[in-house]
file work31.csv (CSV, C-alpha atoms and all ligand atoms)
chain,number,residue,atom,x,y,z
A,824,MET,CA,-6.3,6.7,-15.0
A,825,ARG,CA,-7.3,9.2,-12.5
A,826,TYR,CA,-5.2,10.7,-9.7
A,827,ARG,CA,-5.8,11.5,-6.0
A,828,LEU,CA,-3.7,13.5,-3.5
A,829,PHE,CA,-1.4,11.4,-1.4
A,830,GLY,CA,-2.7,11.8,2.2
A,831,ARG,CA,-2.8,15.4,3.3
A,832,THR,CA,-0.1,16.3,0.8
A,833,GLY,CA,-0.4,17.9,-2.7
A,834,LEU,CA,1.4,14.9,-4.4
A,835,ARG,CA,-0.7,13.4,-7.2
A,836,VAL,CA,-0.8,9.7,-7.2
A,837,SER,CA,-2.5,7.4,-9.7
A,838,GLU,CA,-5.5,5.3,-8.5
A,839,LEU,CA,-3.5,2.1,-8.9
A,840,PHE,CA,0.1,1.6,-7.8
A,841,LEU,CA,2.6,-0.8,-9.5
A,842,GLY,CA,4.0,-3.4,-7.1
A,843,ALA,CA,7.6,-4.2,-7.9
A,844,MET,CA,8.2,-7.0,-5.4
A,845,THR,CA,8.1,-9.8,-7.9
A,846,LEU,CA,10.1,-8.3,-10.7
A,847,SER,CA,12.9,-10.7,-11.8
A,848,ASP,CA,13.7,-10.0,-15.4
A,849,ALA,CA,15.2,-6.9,-16.9
A,850,ALA,CA,13.4,-6.9,-20.3
A,851,GLU,CA,10.1,-7.8,-18.7
A,852,THR,CA,10.6,-5.1,-16.0
A,853,ARG,CA,11.0,-2.4,-18.8
A,854,ARG,CA,7.8,-3.7,-20.5
A,855,ILE,CA,5.8,-3.7,-17.3
A,856,VAL,CA,6.9,-0.2,-16.3
A,857,ALA,CA,6.2,1.1,-19.8
A,858,ALA,CA,2.8,-0.5,-20.0
A,859,TYR,CA,1.9,1.0,-16.6
A,860,ALA,CA,3.2,4.5,-17.5
A,861,GLU,CA,1.5,4.5,-20.8
A,862,ALA,CA,-1.9,3.9,-19.1
A,863,GLY,CA,-1.1,6.9,-16.8
A,864,GLY,CA,0.2,5.0,-13.7
A,865,ASN,CA,2.8,6.9,-11.8
A,866,VAL,CA,3.6,5.1,-8.5
A,867,LEU,CA,6.3,2.5,-8.4
A,868,ASP,CA,6.4,0.5,-5.1
A,869,THR,CA,9.6,-1.3,-4.3
A,870,ALA,CA,11.6,-2.1,-1.1
A,871,SER,CA,15.1,-2.7,0.1
A,872,ALA,CA,14.1,-6.3,0.8
A,873,TYR,CA,12.6,-7.2,-2.6
A,874,GLY,CA,15.6,-9.0,-4.0
A,875,ASP,CA,16.7,-7.6,-7.3
A,876,SER,CA,13.6,-5.3,-7.6
A,877,GLU,CA,15.4,-2.0,-6.8
A,878,ARG,CA,18.2,-2.7,-9.2
A,879,LEU,CA,15.9,-3.8,-12.0
A,880,LEU,CA,13.8,-0.7,-11.6
A,881,GLY,CA,16.9,1.5,-11.5
A,882,GLU,CA,18.0,0.0,-14.8
A,883,ALA,CA,14.5,0.3,-16.4
A,884,LEU,CA,14.3,4.0,-15.4
A,885,ALA,CA,17.8,5.0,-16.4
A,886,GLY,CA,19.4,2.4,-18.6
A,887,ARG,CA,19.8,1.8,-22.3
A,888,GLY,CA,16.6,0.5,-23.8
A,889,ARG,CA,14.5,2.7,-21.6
A,890,PHE,CA,11.0,3.5,-23.0
A,891,PRO,CA,10.5,7.3,-23.5
A,892,SER,CA,7.5,7.3,-21.1
A,893,THR,CA,9.7,5.9,-18.3
A,894,GLU,CA,11.9,8.8,-17.4
A,895,ARG,CA,12.6,8.7,-13.6
A,896,ASP,CA,11.2,12.1,-12.7
A,897,ARG,CA,7.8,11.3,-14.1
A,898,PHE,CA,7.3,8.7,-11.4
A,899,VAL,CA,6.5,8.7,-7.7
A,900,LEU,CA,9.3,6.3,-6.9
A,901,ALA,CA,8.7,4.7,-3.5
A,902,SER,CA,10.9,2.3,-1.6
A,903,LYS,CA,10.9,0.9,2.0
A,904,TYR,CA,13.4,0.2,4.7
A,905,THR,CA,13.3,-1.8,8.0
A,906,LEU,CA,13.8,-5.4,7.0
A,907,SER,CA,17.2,-7.0,7.6
A,908,ARG,CA,20.0,-6.3,5.1
A,909,ASP,CA,22.5,-8.6,6.9
A,910,GLN,CA,21.3,-11.3,9.3
A,911,GLN,CA,24.6,-11.2,11.2
A,912,ASP,CA,24.3,-7.4,12.0
A,913,PRO,CA,21.5,-6.4,14.4
A,914,ASN,CA,21.8,-2.8,13.3
A,915,ALA,CA,21.2,-3.7,9.6
A,916,ALA,CA,17.5,-4.0,10.4
A,917,GLY,CA,14.9,-2.1,12.3
A,918,ASN,CA,13.5,1.5,12.3
A,919,HIS,CA,16.3,3.2,14.1
A,920,ARG,CA,18.4,6.1,12.5
A,921,LYS,CA,21.4,4.0,11.6
A,922,ASN,CA,19.5,1.4,9.6
A,923,LEU,CA,17.3,4.1,8.0
A,924,ILE,CA,20.3,6.0,6.6
A,925,GLY,CA,22.3,2.8,5.6
A,926,SER,CA,19.2,1.3,3.9
A,927,LEU,CA,18.2,4.5,2.1
A,928,GLU,CA,21.8,5.0,0.7
A,929,GLN,CA,21.7,1.4,-0.6
A,930,SER,CA,18.2,2.0,-2.2
A,931,LEU,CA,19.4,5.2,-3.9
A,932,ARG,CA,22.4,3.5,-5.3
A,933,ARG,CA,20.4,0.5,-6.6
A,934,LEU,CA,17.7,2.8,-8.0
A,935,ARG,CA,20.3,5.1,-9.6
A,936,THR,CA,18.7,8.2,-8.3
A,937,ASP,CA,19.6,10.8,-5.7
A,938,TYR,CA,16.1,11.1,-4.1
A,939,LEU,CA,13.0,9.0,-3.3
A,940,ASP,CA,9.5,10.4,-3.7
A,941,VAL,CA,8.2,8.2,-0.9
A,942,LEU,CA,10.1,6.2,1.8
A,943,TRP,CA,7.9,3.8,3.6
A,944,VAL,CA,8.7,2.3,7.0
A,945,HIS,CA,8.3,-1.3,6.0
A,946,THR,CA,7.0,-2.7,9.3
A,947,TRP,CA,6.6,-2.0,12.9
A,948,ASP,CA,9.8,-2.2,15.1
A,949,ARG,CA,8.6,-2.2,18.7
A,950,HIS,CA,12.2,-1.7,19.9
A,951,THR,CA,12.7,1.7,18.3
A,952,PRO,CA,10.9,4.7,19.7
A,953,ILE,CA,8.6,6.2,17.1
A,954,GLU,CA,10.0,9.6,18.0
A,955,GLU,CA,13.5,8.5,16.7
A,956,THR,CA,12.0,7.2,13.5
A,957,LEU,CA,10.0,10.3,12.8
A,958,ARG,CA,12.7,12.7,13.6
A,959,ALA,CA,15.3,10.8,11.4
A,960,LEU,CA,12.8,10.7,8.5
A,961,ASP,CA,12.1,14.4,8.9
A,962,ASP,CA,15.9,15.1,8.7
A,963,LEU,CA,16.0,13.1,5.4
A,964,VAL,CA,13.1,15.1,4.0
A,965,ARG,CA,14.9,18.4,5.0
A,966,ALA,CA,18.1,17.1,3.4
A,967,GLY,CA,16.2,16.5,0.1
A,968,LYS,CA,16.8,12.7,0.1
A,969,ILE,CA,13.1,11.9,0.4
A,970,ARG,CA,10.0,13.9,-0.4
A,971,TYR,CA,7.2,12.1,1.5
A,972,ILE,CA,6.9,9.3,4.1
A,973,GLY,CA,4.5,6.5,4.7
A,974,VAL,CA,4.2,3.6,7.2
A,975,SER,CA,3.5,0.0,6.4
A,976,ASP,CA,2.2,-3.0,8.5
A,977,THR,CA,2.0,-1.1,11.8
A,978,PRO,CA,-0.8,-1.0,14.5
A,979,ALA,CA,-3.3,1.7,14.2
A,980,TRP,CA,-2.5,3.1,17.7
A,981,VAL,CA,1.1,3.6,16.7
A,982,ILE,CA,0.2,5.4,13.5
A,983,SER,CA,-2.3,7.6,15.4
A,984,ARG,CA,0.4,8.5,18.0
A,985,ALA,CA,2.9,9.2,15.2
A,986,ASP,CA,0.5,11.5,13.5
A,987,LEU,CA,0.0,13.7,16.6
A,988,LEU,CA,3.7,13.7,17.5
A,989,ALA,CA,4.5,14.9,14.0
A,990,GLU,CA,1.9,17.6,14.1
A,991,TRP,CA,2.9,18.9,17.5
A,992,ARG,CA,6.6,18.8,16.9
A,993,GLY,CA,6.5,20.2,13.4
A,994,TRP,CA,7.9,17.1,11.7
A,995,THR,CA,6.9,15.5,8.4
A,996,ALA,CA,3.9,13.3,9.0
A,997,PHE,CA,3.1,10.0,7.4
A,998,ALA,CA,0.9,10.6,4.3
A,999,GLY,CA,0.0,6.9,3.7
A,1000,ILE,CA,-0.5,3.6,5.3
A,1001,GLN,CA,0.4,0.4,3.5
A,1002,VAL,CA,-1.5,-2.7,4.6
A,1003,PRO,CA,-2.9,-6.0,3.3
A,1004,TYR,CA,-6.5,-5.8,2.0
A,1005,SER,CA,-8.6,-8.0,-0.2
A,1006,LEU,CA,-11.9,-9.8,0.0
A,1007,VAL,CA,-10.0,-12.7,1.6
A,1008,ASN,CA,-8.5,-10.5,4.3
A,1009,ARG,CA,-10.7,-7.5,5.4
A,1010,ASP,CA,-9.2,-7.0,8.8
A,1011,ILE,CA,-8.1,-3.4,8.2
A,1012,GLU,CA,-11.8,-2.4,8.1
A,1013,ARG,CA,-11.7,-2.7,12.0
A,1014,ASP,CA,-9.4,0.2,12.7
A,1015,ILE,CA,-7.0,1.1,9.9
A,1016,VAL,CA,-9.7,2.3,7.4
A,1017,PRO,CA,-11.5,4.4,10.0
A,1018,LEU,CA,-8.1,5.8,11.1
A,1019,ALA,CA,-7.1,6.7,7.6
A,1020,GLU,CA,-10.4,8.3,6.8
A,1021,HIS,CA,-10.4,10.3,10.0
A,1022,LEU,CA,-6.8,11.6,9.5
A,1023,GLY,CA,-7.0,12.0,5.8
A,1024,LEU,CA,-4.3,9.5,5.0
A,1025,SER,CA,-4.1,7.3,1.9
A,1026,ILE,CA,-4.1,3.5,2.1
A,1027,ALA,CA,-1.9,1.6,-0.3
A,1028,ALA,CA,-3.4,-1.9,-0.3
A,1029,TRP,CA,-1.2,-5.0,-1.0
A,1030,GLY,CA,-2.3,-8.5,-1.8
A,1031,VAL,CA,-5.5,-7.2,-3.4
A,1032,LEU,CA,-5.4,-10.3,-5.7
A,1033,ASP,CA,-4.4,-12.5,-2.8
A,1034,HIS,CA,-1.0,-12.9,-4.6
A,1035,GLY,CA,-2.7,-14.0,-7.8
A,1036,GLY,CA,-5.2,-16.4,-6.2
A,1037,LEU,CA,-8.2,-14.1,-7.0
A,1038,THR,CA,-7.5,-13.8,-10.7
A,1039,GLY,CA,-9.1,-17.1,-11.4
A,1040,SER,CA,-6.1,-18.0,-13.6
A,1041,SER,CA,-3.5,-18.8,-10.9
A,1042,ARG,CA,-4.2,-22.0,-9.0
A,1043,VAL,CA,-3.9,-22.0,-5.2
A,1044,ALA,CA,-2.5,-25.3,-4.0
A,1045,GLU,CA,-4.9,-25.9,-1.1
A,1046,PRO,CA,-7.5,-23.0,-1.0
A,1047,THR,CA,-9.3,-22.3,2.2
A,1048,GLU,CA,-13.1,-22.4,2.3
A,1049,ARG,CA,-13.1,-18.6,2.3
A,1050,GLN,CA,-10.8,-18.4,-0.7
A,1051,ARG,CA,-13.0,-20.8,-2.6
A,1052,ARG,CA,-16.1,-18.8,-1.9
A,1053,VAL,CA,-14.5,-15.5,-2.9
A,1054,VAL,CA,-13.2,-16.9,-6.2
A,1055,ALA,CA,-16.7,-18.3,-7.0
A,1056,ALA,CA,-18.4,-15.0,-6.2
A,1057,LEU,CA,-15.7,-13.1,-8.3
A,1058,ARG,CA,-16.3,-15.4,-11.2
A,1059,GLU,CA,-20.1,-14.9,-11.0
A,1060,VAL,CA,-19.9,-11.1,-10.8
A,1061,ALA,CA,-17.2,-10.9,-13.5
A,1062,GLY,CA,-19.5,-12.9,-15.8
A,1063,GLU,CA,-22.4,-10.6,-15.2
A,1064,LEU,CA,-20.3,-7.4,-15.7
A,1065,GLY,CA,-18.2,-8.7,-18.7
A,1066,ALA,CA,-15.0,-8.2,-16.6
A,1067,SER,CA,-12.3,-10.5,-15.4
A,1068,PRO,CA,-12.4,-11.9,-11.8
A,1069,GLY,CA,-9.1,-10.0,-11.0
A,1070,GLN,CA,-10.6,-6.7,-12.2
A,1071,VAL,CA,-13.6,-7.2,-9.9
A,1072,ALA,CA,-11.3,-8.1,-6.9
A,1073,ILE,CA,-9.3,-4.9,-7.5
A,1074,ALA,CA,-12.4,-2.7,-8.1
A,1075,TRP,CA,-13.9,-3.9,-4.9
A,1076,THR,CA,-11.0,-2.6,-2.8
A,1077,MET,CA,-11.6,0.9,-4.4
A,1078,ALA,CA,-15.4,0.7,-4.0
A,1079,ARG,CA,-15.0,0.1,-0.2
A,1080,SER,CA,-13.3,3.4,0.6
A,1081,ALA,CA,-12.2,6.4,-1.5
A,1082,VAL,CA,-8.8,6.4,0.3
A,1083,VAL,CA,-7.7,3.0,-1.0
A,1084,HIS,CA,-5.1,2.6,-3.8
A,1085,PRO,CA,-4.6,-1.0,-4.8
A,1086,ILE,CA,-1.0,-2.0,-5.4
A,1087,VAL,CA,-0.9,-4.7,-8.1
A,1088,GLY,CA,2.2,-6.8,-8.7
A,1089,PHE,CA,3.3,-8.5,-12.0
A,1090,ARG,CA,5.9,-10.8,-13.4
A,1091,HIS,CA,4.5,-10.7,-16.9
A,1092,ALA,CA,3.8,-7.5,-18.8
A,1093,ASP,CA,0.9,-9.0,-20.7
A,1094,ARG,CA,-1.2,-9.0,-17.5
A,1095,VAL,CA,-0.8,-5.2,-17.0
A,1096,PRO,CA,-3.6,-3.9,-19.3
A,1097,ASP,CA,-6.2,-6.3,-17.8
A,1098,SER,CA,-5.5,-5.3,-14.2
A,1099,LEU,CA,-5.2,-1.6,-15.0
A,1100,ALA,CA,-8.6,-1.6,-16.6
A,1101,ALA,CA,-10.0,-2.4,-13.2
A,1102,VAL,CA,-9.9,1.4,-12.3
A,1103,GLU,CA,-12.7,2.0,-14.9
A,1104,LEU,CA,-15.0,-0.7,-13.4
A,1105,ARG,CA,-17.8,0.7,-11.3
A,1106,LEU,CA,-19.4,-2.0,-9.1
A,1107,PRO,CA,-23.1,-1.6,-8.7
A,1108,ALA,CA,-24.3,-1.6,-5.0
A,1109,GLU,CA,-25.9,-5.0,-5.3
A,1110,THR,CA,-22.7,-6.5,-6.7
A,1111,VAL,CA,-20.8,-5.2,-3.7
A,1112,ILE,CA,-23.4,-6.9,-1.5
A,1113,THR,CA,-23.0,-10.2,-3.3
A,1114,LEU,CA,-19.2,-10.1,-3.0
A,1115,GLU,CA,-19.3,-9.2,0.7
A,1116,ALA,CA,-21.8,-11.9,1.5
A,1117,ALA,CA,-19.3,-14.4,0.2
A,1118,ALA,CA,-16.6,-12.9,2.3
A,1119,PRO,CA,-18.1,-11.5,5.5
A,1120,PHE,CA,-16.2,-9.4,7.9
A,1121,GLU,CA,-17.0,-9.4,11.7
A,1122,PRO,CA,-15.3,-6.5,13.5
A,1123,GLY,CA,-15.9,-8.4,16.8
A,1124,PRO,CA,-17.9,-7.9,20.0
A,1125,TYR,CA,-15.9,-5.0,21.4
A,1126,ALA,CA,-16.1,-3.0,18.1
A,1127,ASP,CA,-19.9,-3.8,18.0
A,1128,PHE,CA,-20.3,-2.7,21.6
A,1129,LEU,CA,-18.5,0.6,20.8
A,1130,THR,CA,-20.7,1.3,17.7
A,1131,GLU,CA,-23.8,0.6,19.7
A,1132,SER,CA,-22.9,2.6,22.8
A,1133,ALA,CA,-21.8,5.6,20.6
A,1134,ALA,CA,-25.4,6.0,19.5
A,1135,SER,CA,-27.0,5.1,22.8
A,1136,PRO,CA,-28.7,7.3,25.5
A,1137,PHE,CA,-25.5,6.7,27.6
A,1138,VAL,CA,-23.7,9.2,25.3
A,1139,PHE,CA,-26.4,11.5,24.1
A,1140,GLY,CA,-29.2,11.2,26.6
A,1141,ASN,CA,-32.5,11.2,24.8
A,1142,SER,CA,-31.5,13.9,22.4
A,1143,THR,CA,-31.1,13.4,18.7
A,1144,ILE,CA,-27.7,14.5,17.4
A,1145,LEU,CA,-27.4,15.2,13.7
A,1146,GLY,CA,-24.2,15.1,11.7
A,1147,ARG,CA,-21.2,12.8,11.9
A,1201,LIG,N1,4.1,-3.6,2.6
A,1201,LIG,C1,4.2,-4.9,2.6
A,1201,LIG,O1,4.5,-5.6,3.6
A,1201,LIG,C2,3.9,-5.7,1.3
A,1201,LIG,C3,3.8,-7.1,1.3
A,1201,LIG,C4,3.5,-7.7,0.1
A,1201,LIG,C5,3.4,-7.0,-1.1
A,1201,LIG,N2,3.5,-5.6,-1.0
A,1201,LIG,C6,3.4,-4.8,-2.3
A,1201,LIG,O2,2.2,-5.2,-3.0
A,1201,LIG,C7,2.6,-5.6,-4.3
A,1201,LIG,C8,1.6,-6.6,-4.8
A,1201,LIG,O3,1.7,-7.8,-4.0
A,1201,LIG,P1,1.7,-9.3,-4.6
A,1201,LIG,O4,2.5,-9.2,-5.9
A,1201,LIG,O5,2.1,-10.2,-3.5
A,1201,LIG,O6,0.2,-9.6,-4.8
A,1201,LIG,P2,-1.0,-9.3,-5.8
A,1201,LIG,O7,-0.8,-8.0,-6.4
A,1201,LIG,O8,-2.1,-9.6,-5.0
A,1201,LIG,O9,-0.8,-10.4,-6.9
A,1201,LIG,C9,0.2,-10.4,-7.9
A,1201,LIG,C10,0.0,-11.6,-8.8
A,1201,LIG,O10,-1.2,-11.4,-9.5
A,1201,LIG,C11,-1.0,-11.8,-10.9
A,1201,LIG,N3,-1.8,-10.9,-11.7
A,1201,LIG,C12,-1.8,-9.6,-11.7
A,1201,LIG,N4,-2.7,-9.1,-12.7
A,1201,LIG,C13,-3.2,-10.3,-13.3
A,1201,LIG,C14,-4.2,-10.5,-14.3
A,1201,LIG,N5,-4.8,-9.4,-14.9
A,1201,LIG,N6,-4.5,-11.7,-14.6
A,1201,LIG,C15,-3.9,-12.8,-14.0
A,1201,LIG,N7,-3.0,-12.6,-13.1
A,1201,LIG,C16,-2.6,-11.4,-12.7
A,1201,LIG,C17,0.5,-11.6,-11.2
A,1201,LIG,O11,0.8,-12.5,-12.1
A,1201,LIG,P3,2.2,-12.6,-12.9
A,1201,LIG,O12,3.2,-12.8,-11.8
A,1201,LIG,O13,2.0,-13.7,-13.8
A,1201,LIG,O14,2.4,-11.3,-13.7
A,1201,LIG,C18,1.1,-11.8,-9.8
A,1201,LIG,O15,1.6,-13.1,-9.7
A,1201,LIG,C19,4.1,-6.0,-4.2
A,1201,LIG,O16,4.7,-5.9,-5.5
A,1201,LIG,C20,4.6,-5.0,-3.2
A,1201,LIG,O17,4.8,-3.7,-3.9
A,1201,LIG,C21,3.8,-4.9,0.1
call {"tool": "encode", "arguments": {"input": "work31.csv", "output": "structure tokens", "more": "lines below"}}
Ligand SMILES: NC(=O)c1ccc[n+]([C@@H]2O[C@H](COP(=O)([O-])OP(=O)(O)OC[C@H]3O[C@@H](n4cnc5c(N)ncnc54)[C@H](OP(=O)(O)O)[C@@H]3O)[C@@H](O)[C@H]2O)c1
result
Amino acid sequence: MRYRLFGRTGLRVSELFLGAMTLSDAAETRRIVAAYAEAGGNVLDTASAYGDSERLLGEALAGRGRFPSTERDRFVLASKYTLSRDQQDPNAAGNHRKNLIGSLEQSLRRLRTDYLDVLWVHTWDRHTPIEETLRALDDLVRAGKIRYIGVSDTPAWVISRADLLAEWRGWTAFAGIQVPYSLVNRDIERDIVPLAEHLGLSIAAWGVLDHGGLTGSSRVAEPTERQRRVVAALREVAGELGASPGQVAIAWTMARSAVVHPIVGFRHADRVPDSLAAVELRLPAETVITLEAAAPFEPGPYADFLTESAASPFVFGNSTILGR
């Protein structure tokens, strides 16, 4: 396993993150976390809204029966807040200061720790000013409760505005963006990937296996035409490379942009070695072309127009401009 820096920070994060959303059994959780740690993985991704996940992780990192490699401080332990903790209480959800503090305190109790390495805003809350969210997160960083912050499932323009606000006001800036990304769903190539590359942010990609559908071993009840084509292409490429379809699906997300870290989820520890080996798989250029031909992505007419006009005489006159 290799490591990269998390956004513009100095934090070392492994190429592949462990998704904790589907954890449901204490003994299996300990095995999954141990197998991941032994391979060099160091990022655990959970959330306030993932059922028993935080509690199970807390037990696995602190409890009896813990594997030696799974000491809490060795991990970049990440959780999220936003989603409702009590459907009857409107303030037990959202990105405002009250829910942030209440949710974080609950996460720390469940995870049996007094700090989080990363706290993600789980999803966009259009009713809370981004200034309030950023300032409240910055207070928690200064108070030592969290080390770094990230933002998940939020429009690119909001993230861009947040980055500039943080820089100009001297607040902690988001280091990463968490979004869905796979051969089945390439939408983030339109604006999130260019944004992350421009600002130097990491992308934590979820659903890279389309929730198991791209492994070739889980059966999707009624696959779409696109899912069918992607699985067939993954099988073909996997056969040529002597890899598994899931490994190829994971490796493709990393081949597309150097800022992408796939988050892979497990219920069963015996799946972990196969998926982790994806980080060693280098996809030849012609393989990437085959995969993308099976799952094309159209940015749309407006994006095409912007790309064309950026290189046109309207912008440069007849001069040739070298560089970016
Ligand atoms: N920010 C957000 O809004 C958001 C949303 C969704 C998810 N996430 C994050 O992303 C993580 C991953 O999401 P996900 O669990 O939905 O999707 P996923 O990683 O695309 O798929 C996970 C599924 O793939 C299967 N799998 C993994 N490796 C395999 C292998 N080598 N062979 C066969 N099957 C394999 C697992 O099977 P088993 O269950 O049998 O082990 C599991 O069911 C979550 O845990 C969470 O941390 C974030």
call {"tool": "closest_residue", "arguments": {"input": "work31.csv", "among": "A:Phe1137, A:Trp991, A:Phe1120, A:Tyr1004", "to": "ligand LIG 1201 (chain A)", "atoms": "only C-alpha atoms and all ligand atoms"}}
result
A:Tyr1004
call {"tool": "atom_distance", "arguments": {"input": "work31.csv", "atom1": "atom CA of A:Asp940", "atom2": "atom CA of A:Ile969"}}
result
5.7 Å
call {"tool": "atom_distance", "arguments": {"input": "work31.csv", "atom1": "atom CA of A:Ala1117", "atom2": "atom P1 of ligand LIG 1201 (chain A)"}}
result
22.1 Å
call {"tool": "residues_near_ligand", "arguments": {"input": "work31.csv", "ligand": "ligand LIG 1201 (chain A)", "cutoff": "7 Å", "atoms": "all atoms listed in the file", "output": "number ranges by chain"}}
result
A: 841-845, 868-869, 945-946, 975-976, 1001-1002, 1029-1035, 1038, 1040-1041, 1069-1070, 1086-1092, 1094-1095, 1097-1098
call {"tool": "closest_residue", "arguments": {"input": "work31.csv", "among": "A:Val866, A:Val1007, A:Leu1037, A:Leu1064", "to": "A:Arg835", "atoms": "all atoms listed in the file"}}
result
A:Val866
call {"tool": "closest_residue", "arguments": {"input": "work31.csv", "among": "A:Arg1042, A:Phe997, A:Val1082, A:Ser902", "to": "A:Val1016", "atoms": "all atoms listed in the file"}}
result
A:Val1082
call {"tool": "residues_near_point", "arguments": {"input": "work31.csv", "point": "(-6.5, -0.8, -1.8)", "cutoff": "10 Å", "atoms": "only C-alpha atoms", "output": "JSON, numbers by chain"}}
result
{"A": [838, 839, 840, 1001, 1002, 1003, 1004, 1005, 1025, 1026, 1027, 1028, 1029, 1030, 1031, 1073, 1074, 1075, 1076, 1077, 1078, 1079, 1080, 1081, 1082, 1083, 1084, 1085, 1086, 1087]}
call {"tool": "atom_distance", "arguments": {"input": "work31.csv", "atom1": "atom CA of A:Ala985", "atom2": "atom CA of A:Ser1132"}}
result
27.7 Å
call {"tool": "residues_around", "arguments": {"input": "work31.csv", "residues": "A:Ser930", "least_positions_apart": "6", "cutoff": "10 Å", "atoms": "all atoms listed in the file", "output": "list in words"}}
result
Thr869, Ala870, Ser871, Ala872, Glu877, Arg878, Gly881, Ala901, Ser902, Lys903, Tyr904, Ile924, Thr936, Asp937, Tyr938, Leu939 and Leu942 of chain A
call {"tool": "closest_residue", "arguments": {"input": "work31.csv", "among": "A:Pro1096, A:Gly874, A:Gly967, A:Gly999", "to": "A:Ile982", "atoms": "only C-alpha atoms"}}
result
A:Gly999
call {"tool": "residues_around", "arguments": {"input": "work31.csv", "residues": "stretch 914-923 of chain A", "least_positions_apart": "6", "cutoff": "12 Å", "atoms": "all atoms listed in the file", "output": "PyMOL selection string"}}
result
chain A and resi 871-872+902-908+929-930+942-963+968-969+974-975+977
call {"tool": "closest_residue", "arguments": {"input": "work31.csv", "among": "A:Gly1065, A:Gly1039, A:Gly863, A:Gly833", "to": "A:Arg1051", "atoms": "all atoms listed in the file"}}
result
A:Gly1039
call {"tool": "closest_residue", "arguments": {"input": "work31.csv", "among": "A:Leu1129, A:Val1111, A:Ala1055, A:Leu987", "to": "A:Arg1013", "atoms": "all atoms listed in the file"}}
result
A:Leu1129
call {"tool": "residues_around", "arguments": {"input": "work31.csv", "residues": "A:Leu1114", "least_positions_apart": "6", "cutoff": "9 Å", "atoms": "all atoms listed in the file", "output": "PyMOL selection string"}}
result
chain A and resi 1006+1053+1056-1057+1060+1075
call {"tool": "residues_around", "arguments": {"input": "work31.csv", "residues": "A:Glu894", "least_positions_apart": "5", "cutoff": "8 Å", "atoms": "only C-alpha atoms", "output": "list of chain:residue names"}}
result
A:Leu884, A:Ala885, A:Arg889
call {"tool": "residues_near_point", "arguments": {"input": "work31.csv", "point": "(8.1, 6.5, -16.9)", "cutoff": "10 Å", "atoms": "only C-alpha atoms", "output": "list in words"}}
result
Arg853, Val856, Ala857, Ala858, Tyr859, Ala860, Glu861, Gly863, Gly864, Asn865, Val866, Leu867, Ala883, Leu884, Ala885, Arg889, Phe890, Pro891, Ser892, Thr893, Glu894, Arg895, Asp896, Arg897, Phe898 and Val899 of chain A
call {"tool": "residues_around", "arguments": {"input": "work31.csv", "residues": "A:Ile1015", "least_positions_apart": "3", "cutoff": "10 Å", "atoms": "only C-alpha atoms", "output": "list in words"}}
result
Thr977, Pro978, Ala979, Trp980, Ile982, Ser983, Ile1000, Gln1001, Val1002, Asp1010, Ile1011, Glu1012, Leu1018, Ala1019, Glu1020, His1021 and Ile1026 of chain A
